[in-house]
>>> print(open('work_28.pdb').read())   # PDB, C-alpha atoms
ATOM      1  CA  MET K  24      38.331 121.311 202.329
ATOM      2  CA  LYS K  25      39.701 121.466 205.850
ATOM      3  CA  LYS K  26      39.635 118.360 208.013
ATOM      4  CA  ILE K  27      39.285 117.793 211.722
ATOM      5  CA  LYS K  28      41.916 115.271 212.775
ATOM      6  CA  VAL K  29      43.019 113.194 215.741
ATOM      7  CA  TYR K  30      46.692 112.298 216.323
ATOM      8  CA  SER K  31      47.065 110.004 219.314
ATOM      9  CA  VAL K  32      48.873 107.100 220.924
ATOM     10  CA  ALA K  33      47.489 103.872 222.318
ATOM     11  CA  SER K  34      48.961 100.955 224.198
ATOM     12  CA  LEU K  35      49.145  97.555 222.556
ATOM     13  CA  ASP K  36      46.061  96.549 224.573
ATOM     14  CA  GLY K  37      44.101  99.556 223.311
ATOM     15  CA  TYR K  38      44.334 102.172 226.062
ATOM     16  CA  THR K  39      45.136 105.851 225.479
ATOM     17  CA  ALA K  40      45.401 106.739 229.170
ATOM     18  CA  ARG K  41      45.463 105.128 232.572
ATOM     19  CA  ALA K  42      42.136 104.754 234.412
ATOM     20  CA  ASP K  43      42.727 108.117 236.136
ATOM     21  CA  GLY K  44      43.414 109.811 232.773
ATOM     22  CA  ASP K  45      47.183 110.013 233.204
ATOM     23  CA  ILE K  46      49.337 109.640 230.099
ATOM     24  CA  ASP K  47      52.665 109.286 231.935
ATOM     25  CA  TRP K  48      53.278 105.873 230.366
ATOM     26  CA  ALA K  49      53.169 107.410 226.864
ATOM     27  CA  MET K  50      55.222 110.480 227.780
ATOM     28  CA  ASP K  51      57.872 108.291 229.418
ATOM     29  CA  TRP K  52      57.974 105.852 226.509
ATOM     30  CA  VAL K  53      58.313 108.567 223.877
ATOM     31  CA  ALA K  54      61.028 110.356 225.900
ATOM     32  CA  GLU K  55      62.946 107.096 226.417
ATOM     33  CA  HIS K  56      62.746 105.959 222.791
ATOM     34  CA  THR K  57      63.139 109.259 220.947
ATOM     35  CA  ALA K  58      66.622 110.695 220.724
ATOM     36  CA  PRO K  59      66.961 114.473 220.331
ATOM     37  CA  GLY K  60      66.614 115.199 216.634
ATOM     38  CA  GLY K  61      65.495 111.601 216.099
ATOM     39  CA  ASN K  62      62.242 109.908 215.138
ATOM     40  CA  ASP K  63      59.158 111.960 215.946
ATOM     41  CA  TYR K  64      56.734 109.294 214.629
ATOM     42  CA  GLY K  65      55.556 111.602 211.864
ATOM     43  CA  PHE K  66      54.345 114.279 214.266
ATOM     44  CA  ASN K  67      56.131 117.167 212.536
ATOM     45  CA  ASP K  68      54.720 116.103 209.156
ATOM     46  CA  PHE K  69      51.259 115.920 210.744
ATOM     47  CA  ALA K  70      51.699 119.311 212.458
ATOM     48  CA  ARG K  71      52.577 120.983 209.141
ATOM     49  CA  THR K  72      49.073 120.140 207.877
ATOM     50  CA  VAL K  73      47.384 121.679 210.935
ATOM     51  CA  GLY K  74      46.416 125.330 211.288
ATOM     52  CA  CYS K  75      45.113 125.125 214.841
ATOM     53  CA  ALA K  76      44.596 122.758 217.729
ATOM     54  CA  ILE K  77      41.593 122.349 220.001
ATOM     55  CA  VAL K  78      42.311 120.922 223.450
ATOM     56  CA  ASN K  79      39.990 120.386 226.397
ATOM     57  CA  MET K  80      40.845 121.931 229.737
ATOM     58  CA  PRO K  81      41.726 118.735 231.681
ATOM     59  CA  TYR K  82      44.094 117.606 228.946
ATOM     60  CA  PHE K  83      45.579 121.123 228.691
ATOM     61  CA  TYR K  84      46.480 121.030 232.384
ATOM     62  CA  LEU K  85      47.724 117.437 232.124
ATOM     63  CA  ILE K  86      50.141 118.253 229.287
ATOM     64  CA  ARG K  87      51.308 121.377 231.135
ATOM     65  CA  SER K  88      52.153 119.225 234.174
ATOM     66  CA  TYR K  89      54.883 117.358 232.269
ATOM     67  CA  ASP K  90      58.365 118.761 231.800
ATOM     68  CA  VAL K  91      58.241 118.511 228.015
ATOM     69  CA  CYS K  92      58.360 120.864 225.090
ATOM     70  CA  TRP K  93      54.861 122.320 224.630
ATOM     71  CA  PRO K  94      53.540 120.172 221.743
ATOM     72  CA  LEU K  95      51.327 122.968 220.447
ATOM     73  CA  ALA K  96      54.132 125.539 220.223
ATOM     74  CA  GLY K  97      53.836 127.727 217.154
ATOM     75  CA  MET K  98      50.291 126.524 216.478
ATOM     76  CA  LYS K  99      47.138 128.560 217.122
ATOM     77  CA  SER K 100      45.554 126.736 220.043
ATOM     78  CA  TYR K 101      42.150 126.859 221.699
ATOM     79  CA  VAL K 102      41.236 125.475 225.116
ATOM     80  CA  LEU K 103      37.605 124.392 225.428
ATOM     81  CA  ALA K 104      36.213 125.150 228.854
ATOM     82  CA  ASP K 105      32.786 125.319 230.420
ATOM     83  CA  LEU K 106      34.024 128.130 232.694
ATOM     84  CA  ALA K 107      36.694 130.465 231.315
ATOM     85  CA  SER K 108      37.591 131.968 234.679
ATOM     86  CA  GLY K 109      40.829 130.871 236.274
ATOM     87  CA  ILE K 110      42.324 129.210 233.197
ATOM     88  CA  LEU K 111      46.008 129.921 232.811
ATOM     89  CA  THR K 112      46.847 130.617 229.187
ATOM     90  CA  ASP K 113      50.526 131.478 229.401
ATOM     91  CA  LYS K 114      51.164 129.073 226.529
ATOM     92  CA  GLY K 115      49.553 131.405 224.004
ATOM     93  CA  VAL K 116      46.162 129.774 223.781
ATOM     94  CA  GLU K 117      42.676 131.228 223.501
ATOM     95  CA  VAL K 118      39.838 129.977 225.692
ATOM     96  CA  LEU K 119      36.576 129.045 223.955
ATOM     97  CA  PRO K 120      33.327 128.320 225.791
ATOM     98  CA  TRP K 121      32.261 124.708 225.469
ATOM     99  CA  GLU K 122      29.089 122.982 226.563
ATOM    100  CA  ALA K 123      29.687 119.418 227.738
ATOM    101  CA  ASP K 124      26.934 118.163 225.428
ATOM    102  CA  GLY K 125      28.443 119.953 222.421
ATOM    103  CA  SER K 126      25.251 121.982 221.940
ATOM    104  CA  LYS K 127      27.112 125.091 220.768
ATOM    105  CA  ALA K 128      29.849 123.261 218.880
ATOM    106  CA  ASP K 129      28.563 123.886 215.347
ATOM    107  CA  GLU K 130      28.995 127.653 215.545
ATOM    108  CA  MET K 131      32.476 127.382 217.044
ATOM    109  CA  ILE K 132      33.670 124.696 214.621
ATOM    110  CA  ASN K 133      32.334 126.566 211.587
ATOM    111  CA  ARG K 134      34.184 129.674 212.730
ATOM    112  CA  LEU K 135      37.439 127.746 213.127
ATOM    113  CA  LEU K 136      37.002 126.014 209.767
ATOM    114  CA  ASP K 137      36.542 129.413 208.104
ATOM    115  CA  GLU K 138      39.553 130.991 209.832
ATOM    116  CA  GLY K 139      43.210 130.544 209.062
ATOM    117  CA  GLU K 140      45.122 127.934 207.145
ATOM    118  CA  GLY K 141      45.321 124.196 207.586
ATOM    119  CA  ASP K 142      43.321 121.500 209.282
ATOM    120  CA  ILE K 143      42.131 121.324 212.908
ATOM    121  CA  TRP K 144      43.754 118.932 215.387
ATOM    122  CA  VAL K 145      41.539 117.728 218.254
ATOM    123  CA  VAL K 146      43.858 117.118 221.223
ATOM    124  CA  GLY K 147      42.260 115.718 224.320
ATOM    125  CA  ASP K 148      40.938 112.905 226.380
ATOM    126  CA  HIS K 149      38.512 110.229 225.247
ATOM    127  CA  GLY K 150      35.544 112.427 226.198
ATOM    128  CA  LEU K 151      36.510 115.281 223.884
ATOM    129  CA  ILE K 152      37.251 112.978 220.976
ATOM    130  CA  ALA K 153      33.964 111.134 221.527
ATOM    131  CA  SER K 154      32.081 114.476 221.573
ATOM    132  CA  PHE K 155      33.553 115.493 218.222
ATOM    133  CA  ALA K 156      32.912 112.021 216.766
ATOM    134  CA  GLU K 157      29.283 112.050 217.948
ATOM    135  CA  LEU K 158      28.849 115.269 215.968
ATOM    136  CA  SER K 159      30.457 113.557 212.908
ATOM    137  CA  LEU K 160      33.243 116.138 212.891
ATOM    138  CA  ILE K 161      36.368 113.932 212.825
ATOM    139  CA  SER K 162      37.471 112.896 209.348
ATOM    140  CA  GLU K 163      41.015 111.580 209.938
ATOM    141  CA  VAL K 164      42.738 109.606 212.694
ATOM    142  CA  VAL K 165      46.453 108.941 213.078
ATOM    143  CA  LEU K 166      47.011 106.361 215.808
ATOM    144  CA  ASN K 167      50.447 105.323 217.057
ATOM    145  CA  ILE K 168      50.378 101.936 218.783
ATOM    146  CA  LEU K 169      53.169 101.728 221.389
ATOM    147  CA  PRO K 170      54.516  98.288 222.376
ATOM    148  CA  VAL K 171      53.374  98.700 225.984
ATOM    149  CA  THR K 172      50.425  97.114 227.785
ATOM    150  CA  LEU K 173      48.525  98.838 230.591
ATOM    151  CA  GLY K 174      45.971  96.210 231.562
ATOM    152  CA  GLU K 175      43.286  98.817 232.180
ATOM    153  CA  GLY K 176      42.539 102.436 231.461
ATOM    154  CA  GLN K 177      40.682 104.719 229.084
ATOM    155  CA  ARG K 178      40.192 103.703 225.481
ATOM    156  CA  LEU K 179      39.986 105.896 222.418
ATOM    157  CA  THR K 180      36.254 106.097 221.810
ATOM    158  CA  PHE K 181      34.181 107.592 219.053
ATOM    159  CA  GLY K 182      30.970 107.787 221.029
ATOM    160  CA  CYS K 183      27.888 105.757 220.221
ATOM    161  CA  ARG K 184      27.732 106.555 216.532
ATOM    162  CA  GLU K 185      28.746 103.753 214.182
ATOM    163  CA  SER K 186      31.154 104.833 211.452
ATOM    164  CA  ALA K 187      33.274 103.157 208.787
ATOM    165  CA  TRP K 188      36.927 104.072 208.302
ATOM    166  CA  LYS K 189      39.372 103.400 205.495
ATOM    167  CA  LEU K 190      43.011 102.575 206.223
ATOM    168  CA  VAL K 191      45.014 105.059 204.125
ATOM    169  CA  GLY K 192      48.507 104.601 205.548
ATOM    170  CA  THR K 193      50.717 102.511 207.777
ATOM    171  CA  LYS K 194      54.260 102.842 209.052
ATOM    172  CA  ILE K 195      56.211 100.368 211.158
ATOM    173  CA  HIS K 196      59.076 101.796 213.188
ATOM    174  CA  ASP K 197      62.188  99.833 214.190
ATOM    175  CA  ASN K 198      61.355 100.155 217.895
ATOM    176  CA  GLY K 199      57.959  98.482 217.525
ATOM    177  CA  VAL K 200      55.684 101.518 217.144
ATOM    178  CA  VAL K 201      53.048 100.983 214.460
ATOM    179  CA  GLN K 202      51.338 104.033 212.983
ATOM    180  CA  LEU K 203      47.897 103.638 211.441
ATOM    181  CA  LYS K 204      46.227 106.409 209.459
ATOM    182  CA  TYR K 205      42.488 106.255 208.766
ATOM    183  CA  SER K 206      40.045 108.457 206.850
ATOM    184  CA  LEU K 207      36.324 108.450 207.506
ATOM    185  CA  ASN K 208      34.255 106.884 204.729
ATOM    186  CA  ARG K 209      31.597 109.473 203.936
TER     187      ARG K 209
END
>>> encode(input="work_28.pdb", output="structure tokens")
Amino acid sequence: MKKIKVYSVASLDGYTARADGDIDWAMDWVAEHTAPGGNDYGFNDFARTVGCAIVNMPYFYLIRSYDVCWPLAGMKSYVLADLASGILTDKGVEVLPWEADGSKADEMINRLLDEGEGDIWVVGDHGLIASFAELSLISEVVLNILPVTLGEGQRLTFGCRESAWKLVGTKIHDNGVVQLKYSLNR
């Protein structure tokens, strides 16, 4: 059975983005501590299990604003947007309509689960991840804790729904990154 997964980073004090949503601290840290051809923190292994990625529009534009290799290259990608007009999709993505309250999510998610090969990666800000969690759609989380503190910002949230998770893997990297992999207890 296909899974819907999250692969993300967080600061040592638990933030995934600055208060304004910027992820420059993570992009800079990864660029500084990852040599070409070097440690990718398991991302390529994760990406091989994924058939498509779902990203929300603000995060899509944020990632595009950085001078980095497009992380969704070679992967079928969907941008969720409440208004499809004006969205630039020169990165080979498809735009899907999305209601902020997730009211039409079931139909879209079922379609994506039925299509193609591999799992679905939810790529986005805390709001998108919380929306999917509120609908009990996320079944796996890979979280990379970077040895950086931000002091304030946006935290990874799973909405208001209580859920229990099982730690299924850990990896400690020489540079201080700790990777935690969790599966939802169902």
>>> resolve_selection(input="work_28.pdb", expression="the PyMOL selection byres ((chain K and resi 65) around 10)", output="list in words")
Tyr30, Asn62, Asp63, Tyr64, Phe66, Asn67, Asp68, Phe69, Ala70, Val165, Asn167, Lys194 and Gln202 of chain K
>>> write_last_selection(input="work_28.pdb", atoms="C-alpha atoms", output="compact mmCIF listing (two decimals), keeping the file's coordinate frame")
# COMPACT_ATOMS: atom_id res chain seq x y z
CA TYR K 30 46.69 112.30 216.32
CA ASN K 62 62.24 109.91 215.14
CA ASP K 63 59.16 111.96 215.95
CA TYR K 64 56.73 109.29 214.63
CA PHE K 66 54.34 114.28 214.27
CA ASN K 67 56.13 117.17 212.54
CA ASP K 68 54.72 116.10 209.16
CA PHE K 69 51.26 115.92 210.74
CA ALA K 70 51.70 119.31 212.46
CA VAL K 165 46.45 108.94 213.08
CA ASN K 167 50.45 105.32 217.06
CA LYS K 194 54.26 102.84 209.05
CA GLN K 202 51.34 104.03 212.98
>>> residues_around(input="work_28.pdb", residues="Gly147 of chain K", least_positions_apart="3", cutoff="10 Å", atoms="only C-alpha atoms", output="PyMOL selection string")
chain K and resi 29-31+76-83+85-86+102-103+144+150-153
>>> resolve_selection(input="work_28.pdb", expression="the PyMOL selection byres ((chain K and resi 130-142) around 9)", output="ChimeraX atom specification")
/K:24-28,71-76,119-121,127-129,143-144,160
>>> resolve_selection(input="work_28.pdb", expression="the PyMOL selection byres ((chain K and resi 197) around 12)", output="list in words")
His56, Thr57, Asn62, Tyr64, Leu169, Pro170, Lys194, Ile195, His196, Asn198, Gly199, Val200, Val201 and Gln202 of chain K
>>> closest_residue(input="work_28.pdb", among="K:Val191, K:Ile168, K:Leu207, K:Ile46", to="Ala156 of chain K", atoms="all atoms listed in the file")
K:Leu207
>>> atom_distance(input="work_28.pdb", atom1="atom CA of Leu190 of chain K", atom2="atom CA of Val146 of chain K")
20.9 Å
>>> atom_distance(input="work_28.pdb", atom1="atom CA of Arg178 of chain K", atom2="atom CA of Gly37 of chain K")
6.1 Å
>>> atom_distance(input="work_28.pdb", atom1="atom CA of Leu166 of chain K", atom2="atom CA of Glu117 of chain K")
26.4 Å
>>> closest_residue(input="work_28.pdb", among="K:Gly182, K:Gly44, K:Gly192, K:Gly97", to="Ser159 of chain K", atoms="only C-alpha atoms")
K:Gly182
>>> closest_residue(input="work_28.pdb", among="K:Ser162, K:Ser154, K:Gln177, K:Thr172", to="Asp43 of chain K", atoms="only C-alpha atoms")
K:Gln177
>>> axis_aligned_box(input="work_28.pdb", around="segment 131-136 of chain K", padding_each_side="8 Å", output="JSON")
{"center_x": 34.9, "center_y": 127.2, "center_z": 213.4, "size_x": 21.1, "size_y": 21.0, "size_z": 23.3}
>>> residues_around(input="work_28.pdb", residues="Ala40 of chain K", least_positions_apart="3", cutoff="9 Å", atoms="only C-alpha atoms", output="list in words")
Val32, Ala33, Ser34, Asp43, Gly44, Asp45, Ile46, Asp47, Trp48, Ala49, Asp148, His149, Leu173, Glu175, Gly176, Gln177, Arg178 and Leu179 of chain K
>>> closest_residue(input="work_28.pdb", among="K:Ala187, K:Leu35, K:Val171, K:Leu158", to="Val53 of chain K", atoms="all atoms listed in the file")
K:Val171
>>> decode(input="work_28.pdb", residues="segment 158-191 of chain K", atoms="N, CA, C and O atoms", output="mmCIF file, in the first residue's frame")
data_model
loop_
_atom_site.group_PDB
_atom_site.id
_atom_site.type_symbol
_atom_site.label_atom_id
_atom_site.label_comp_id
_atom_site.auth_asym_id
_atom_site.auth_seq_id
_atom_site.Cartn_x
_atom_site.Cartn_y
_atom_site.Cartn_z
ATOM 1 N N LEU K 158 -6.307 15.312 8.222
ATOM 2 C CA LEU K 158 -7.111 14.363 7.456
ATOM 3 C C LEU K 158 -6.601 12.920 7.628
ATOM 4 O O LEU K 158 -7.041 12.025 6.921
ATOM 5 N N SER K 159 -5.655 12.734 8.561
ATOM 6 C CA SER K 159 -5.042 11.419 8.845
ATOM 7 C C SER K 159 -4.430 10.791 7.591
ATOM 8 O O SER K 159 -4.534 9.586 7.378
ATOM 9 N N LEU K 160 -3.779 11.593 6.774
ATOM 10 C CA LEU K 160 -3.211 11.103 5.533
ATOM 11 C C LEU K 160 -1.729 10.753 5.633
ATOM 12 O O LEU K 160 -1.240 9.927 4.877
ATOM 13 N N ILE K 161 -0.992 11.374 6.546
ATOM 14 C CA ILE K 161 0.450 11.141 6.644
ATOM 15 C C ILE K 161 0.709 9.877 7.451
ATOM 16 O O ILE K 161 0.202 9.711 8.557
ATOM 17 N N SER K 162 1.525 8.985 6.884
ATOM 18 C CA SER K 162 1.826 7.737 7.591
ATOM 19 C C SER K 162 3.310 7.571 7.908
ATOM 20 O O SER K 162 3.677 6.657 8.636
ATOM 21 N N GLU K 163 4.173 8.446 7.376
ATOM 22 C CA GLU K 163 5.604 8.340 7.670
ATOM 23 C C GLU K 163 6.234 9.723 7.682
ATOM 24 O O GLU K 163 5.896 10.579 6.850
ATOM 25 N N VAL K 164 7.146 9.941 8.631
ATOM 26 C CA VAL K 164 7.858 11.208 8.748
ATOM 27 C C VAL K 164 9.348 10.920 8.884
ATOM 28 O O VAL K 164 9.751 10.119 9.727
ATOM 29 N N VAL K 165 10.142 11.570 8.040
ATOM 30 C CA VAL K 165 11.593 11.546 8.176
ATOM 31 C C VAL K 165 11.994 12.976 8.521
ATOM 32 O O VAL K 165 11.741 13.911 7.754
ATOM 33 N N LEU K 166 12.584 13.142 9.703
ATOM 34 C CA LEU K 166 12.932 14.470 10.194
ATOM 35 C C LEU K 166 14.431 14.529 10.444
ATOM 36 O O LEU K 166 14.981 13.709 11.181
ATOM 37 N N ASN K 167 15.084 15.483 9.814
ATOM 38 C CA ASN K 167 16.519 15.709 9.985
ATOM 39 C C ASN K 167 16.712 16.902 10.905
ATOM 40 O O ASN K 167 16.329 18.024 10.552
ATOM 41 N N ILE K 168 17.271 16.661 12.082
ATOM 42 C CA ILE K 168 17.518 17.722 13.052
ATOM 43 C C ILE K 168 18.900 18.295 12.771
ATOM 44 O O ILE K 168 19.908 17.592 12.869
ATOM 45 N N LEU K 169 18.959 19.590 12.409
ATOM 46 C CA LEU K 169 20.230 20.258 12.139
ATOM 47 C C LEU K 169 20.731 20.927 13.411
ATOM 48 O O LEU K 169 19.933 21.498 14.165
ATOM 49 N N PRO K 170 22.048 20.897 13.656
ATOM 50 C CA PRO K 170 22.590 21.499 14.878
ATOM 51 C C PRO K 170 22.689 23.017 14.774
ATOM 52 O O PRO K 170 23.758 23.616 14.787
ATOM 53 N N VAL K 171 21.524 23.644 14.654
ATOM 54 C CA VAL K 171 21.373 25.088 14.522
ATOM 55 C C VAL K 171 20.179 25.476 15.387
ATOM 56 O O VAL K 171 19.195 24.742 15.426
ATOM 57 N N THR K 172 20.248 26.599 16.073
ATOM 58 C CA THR K 172 19.071 27.099 16.784
ATOM 59 C C THR K 172 18.615 28.403 16.138
ATOM 60 O O THR K 172 19.420 29.195 15.666
ATOM 61 N N LEU K 173 17.299 28.593 16.095
ATOM 62 C CA LEU K 173 16.723 29.798 15.497
ATOM 63 C C LEU K 173 16.121 30.740 16.530
ATOM 64 O O LEU K 173 15.979 31.926 16.280
ATOM 65 N N GLY K 174 15.711 30.216 17.667
ATOM 66 C CA GLY K 174 15.125 31.061 18.694
ATOM 67 C C GLY K 174 13.645 31.316 18.537
ATOM 68 O O GLY K 174 12.929 31.465 19.521
ATOM 69 N N GLU K 175 13.174 31.367 17.302
ATOM 70 C CA GLU K 175 11.754 31.526 17.017
ATOM 71 C C GLU K 175 11.505 31.115 15.569
ATOM 72 O O GLU K 175 12.432 30.999 14.781
ATOM 73 N N GLY K 176 10.239 30.884 15.257
ATOM 74 C CA GLY K 176 9.907 30.520 13.894
ATOM 75 C C GLY K 176 8.656 29.672 13.823
ATOM 76 O O GLY K 176 7.805 29.720 14.714
ATOM 77 N N GLN K 177 8.571 28.890 12.747
ATOM 78 C CA GLN K 177 7.428 28.007 12.533
ATOM 79 C C GLN K 177 7.844 26.577 12.865
ATOM 80 O O GLN K 177 8.892 26.128 12.442
ATOM 81 N N ARG K 178 7.001 25.900 13.587
ATOM 82 C CA ARG K 178 7.286 24.519 13.972
ATOM 83 C C ARG K 178 6.564 23.550 13.044
ATOM 84 O O ARG K 178 5.535 23.887 12.461
ATOM 85 N N LEU K 179 7.098 22.361 12.935
ATOM 86 C CA LEU K 179 6.404 21.287 12.240
ATOM 87 C C LEU K 179 5.188 20.938 13.085
ATOM 88 O O LEU K 179 5.319 20.622 14.268
ATOM 89 N N THR K 180 4.013 21.054 12.509
ATOM 90 C CA THR K 180 2.798 20.765 13.275
ATOM 91 C C THR K 180 1.975 19.720 12.547
ATOM 92 O O THR K 180 2.015 19.610 11.322
ATOM 93 N N PHE K 181 1.239 18.968 13.313
ATOM 94 C CA PHE K 181 0.364 17.949 12.761
ATOM 95 C C PHE K 181 -1.083 18.269 13.074
ATOM 96 O O PHE K 181 -1.907 17.396 13.243
ATOM 97 N N GLY K 182 -1.388 19.559 13.164
ATOM 98 C CA GLY K 182 -2.747 19.987 13.406
ATOM 99 C C GLY K 182 -3.173 19.726 14.838
ATOM 100 O O GLY K 182 -2.358 19.611 15.739
ATOM 101 N N CYS K 183 -4.468 19.614 15.026
ATOM 102 C CA CYS K 183 -5.033 19.442 16.364
ATOM 103 C C CYS K 183 -5.279 17.984 16.723
ATOM 104 O O CYS K 183 -5.630 17.674 17.849
ATOM 105 N N ARG K 184 -5.129 17.118 15.777
ATOM 106 C CA ARG K 184 -5.429 15.704 15.992
ATOM 107 C C ARG K 184 -4.276 15.029 16.734
ATOM 108 O O ARG K 184 -3.131 15.123 16.330
ATOM 109 N N GLU K 185 -4.598 14.333 17.809
ATOM 110 C CA GLU K 185 -3.581 13.576 18.534
ATOM 111 C C GLU K 185 -3.284 12.297 17.769
ATOM 112 O O GLU K 185 -4.186 11.638 17.246
ATOM 113 N N SER K 186 -2.012 11.935 17.689
ATOM 114 C CA SER K 186 -1.633 10.699 17.005
ATOM 115 C C SER K 186 -0.377 10.132 17.649
ATOM 116 O O SER K 186 0.436 10.860 18.202
ATOM 117 N N ALA K 187 -0.247 8.819 17.584
ATOM 118 C CA ALA K 187 0.909 8.130 18.163
ATOM 119 C C ALA K 187 1.811 7.644 17.036
ATOM 120 O O ALA K 187 1.334 7.110 16.033
ATOM 121 N N TRP K 188 3.110 7.818 17.213
ATOM 122 C CA TRP K 188 4.089 7.469 16.197
ATOM 123 C C TRP K 188 5.110 6.501 16.772
ATOM 124 O O TRP K 188 5.441 6.559 17.957
ATOM 125 N N LYS K 189 5.615 5.639 15.920
ATOM 126 C CA LYS K 189 6.624 4.663 16.318
ATOM 127 C C LYS K 189 7.946 5.012 15.643
ATOM 128 O O LYS K 189 7.999 5.189 14.421
ATOM 129 N N LEU K 190 9.013 5.114 16.437
ATOM 130 C CA LEU K 190 10.338 5.360 15.891
ATOM 131 C C LEU K 190 10.808 4.090 15.189
ATOM 132 O O LEU K 190 10.912 3.027 15.805
ATOM 133 N N VAL K 191 11.070 4.180 13.881
ATOM 134 C CA VAL K 191 11.459 3.001 13.104
ATOM 135 C C VAL K 191 12.876 3.103 12.560
ATOM 136 O O VAL K 191 13.372 2.144 11.955
#
